[in-house]
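Here the structure is laid out as structure tokens; the discussion comes afterwards.
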Amino acid sequence: MQNIVLSVLVALGLTACAAAATDAKALKLEGEIHIKGSAAFPNVVLETASHQSWELVGVPLDEARGLVGHEVTVEGAVIKAPGQGVWLPSFRVDGKPRPSAP
């Protein structure tokens with residue numbers, strides 16, 4: 001009986017992991033880089049043309065400082081989507097932000 005329960009739990013766990021891995025779609029966001037928050041807890045933020053702000057995860061603070069006020073394109077996946085109760089949506093950046101085409 002214990003083996004059956006353990007097998008079912010393992011199967012459910014693998015199914016959940018597989019579903020989570022396929023949910024993340026590669027996306028592109030364009031906007032202006034800002035650094036917001038206090039000096040102790042800075043956040044690298046991308047503000048889109050529609051004034052939606054995204055926390056950029058994976059962009060080093062030193063790199064972001066050189067891009068503040070510039071329009072960039074980032075590629076990656078949504079970590080935390082905008083919605084009710086979400087203060088700041090998060091976006092995992094793969095690679096480096098690229099300057100947007102003029």
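Letters A, B, ... mark the chains of the structure tokens in the order given; residue numbers begin at 1 per chain; ligand numbers begin at 1, in order shown.
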
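Shell of Ile35 in chain A at 8 Å, with only C-alpha atoms counted and residues fewer than 5 places along the chain excluded, is Pro42, Asn43, Val44, Val45, Ala64, Arg65 and Val68 of chain A.
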
Residue contacts of Val93 in chain A (9 Å, only C-alpha atoms) excluding same-chain residues fewer than 3 positions away, as number ranges by chain: A: 56-59, 74-78, 96-97

In Å to one decimal, how far is CA of Gly85 in chain A from CA of Gly69 in chain A? 27.8 Å

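Across the structure, CA of Gln52 in chain A and CA of Leu88 in chain A are spaced 9.2 Å apart.
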
Write out as an mmCIF file with N, CA, C and O atoms, in the first residue's frame which residues come within 7 Å of Gly31 in chain A when counting only C-alpha atoms, dropping same-chain ones fewer than 4 positions away.
```cif
data_model
loop_
_atom_site.group_PDB
_atom_site.id
_atom_site.type_symbol
_atom_site.label_atom_id
_atom_site.label_comp_id
_atom_site.auth_asym_id
_atom_site.auth_seq_id
_atom_site.Cartn_x
_atom_site.Cartn_y
_atom_site.Cartn_z
ATOM 1 N N LEU A 46 11.323 47.701 -15.694
ATOM 2 C CA LEU A 46 11.079 48.101 -17.074
ATOM 3 C C LEU A 46 9.677 48.692 -17.132
ATOM 4 O O LEU A 46 8.714 48.046 -16.723
ATOM 5 N N GLU A 47 9.558 49.935 -17.613
ATOM 6 C CA GLU A 47 8.242 50.556 -17.791
ATOM 7 C C GLU A 47 7.916 50.564 -19.274
ATOM 8 O O GLU A 47 8.641 51.137 -20.079
ATOM 9 N N THR A 48 6.815 49.907 -19.635
ATOM 10 C CA THR A 48 6.412 49.795 -21.031
ATOM 11 C C THR A 48 5.717 51.080 -21.492
ATOM 12 O O THR A 48 5.409 51.958 -20.683
ATOM 13 N N ALA A 49 5.455 51.170 -22.790
ATOM 14 C CA ALA A 49 4.769 52.335 -23.354
ATOM 15 C C ALA A 49 3.374 52.504 -22.757
ATOM 16 O O ALA A 49 2.854 53.621 -22.684
ATOM 17 N N GLU A 71 15.519 53.119 -23.795
ATOM 18 C CA GLU A 71 14.550 52.140 -24.290
ATOM 19 C C GLU A 71 15.304 50.865 -24.660
ATOM 20 O O GLU A 71 16.280 50.919 -25.404
ATOM 21 N N VAL A 72 14.833 49.742 -24.121
ATOM 22 C CA VAL A 72 15.477 48.460 -24.380
ATOM 23 C C VAL A 72 14.435 47.398 -24.703
ATOM 24 O O VAL A 72 13.246 47.566 -24.434
ATOM 25 N N THR A 73 14.918 46.298 -25.253
ATOM 26 C CA THR A 73 14.115 45.101 -25.468
ATOM 27 C C THR A 73 14.733 43.996 -24.632
ATOM 28 O O THR A 73 15.962 43.834 -24.626
#
```

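Among A:Ile33, A:Val86, A:Leu61, A:Ala40, the residue with the shortest atom-to-atom distance to Arg98 in chain A, counting only C-alpha atoms, is A:Ile33.
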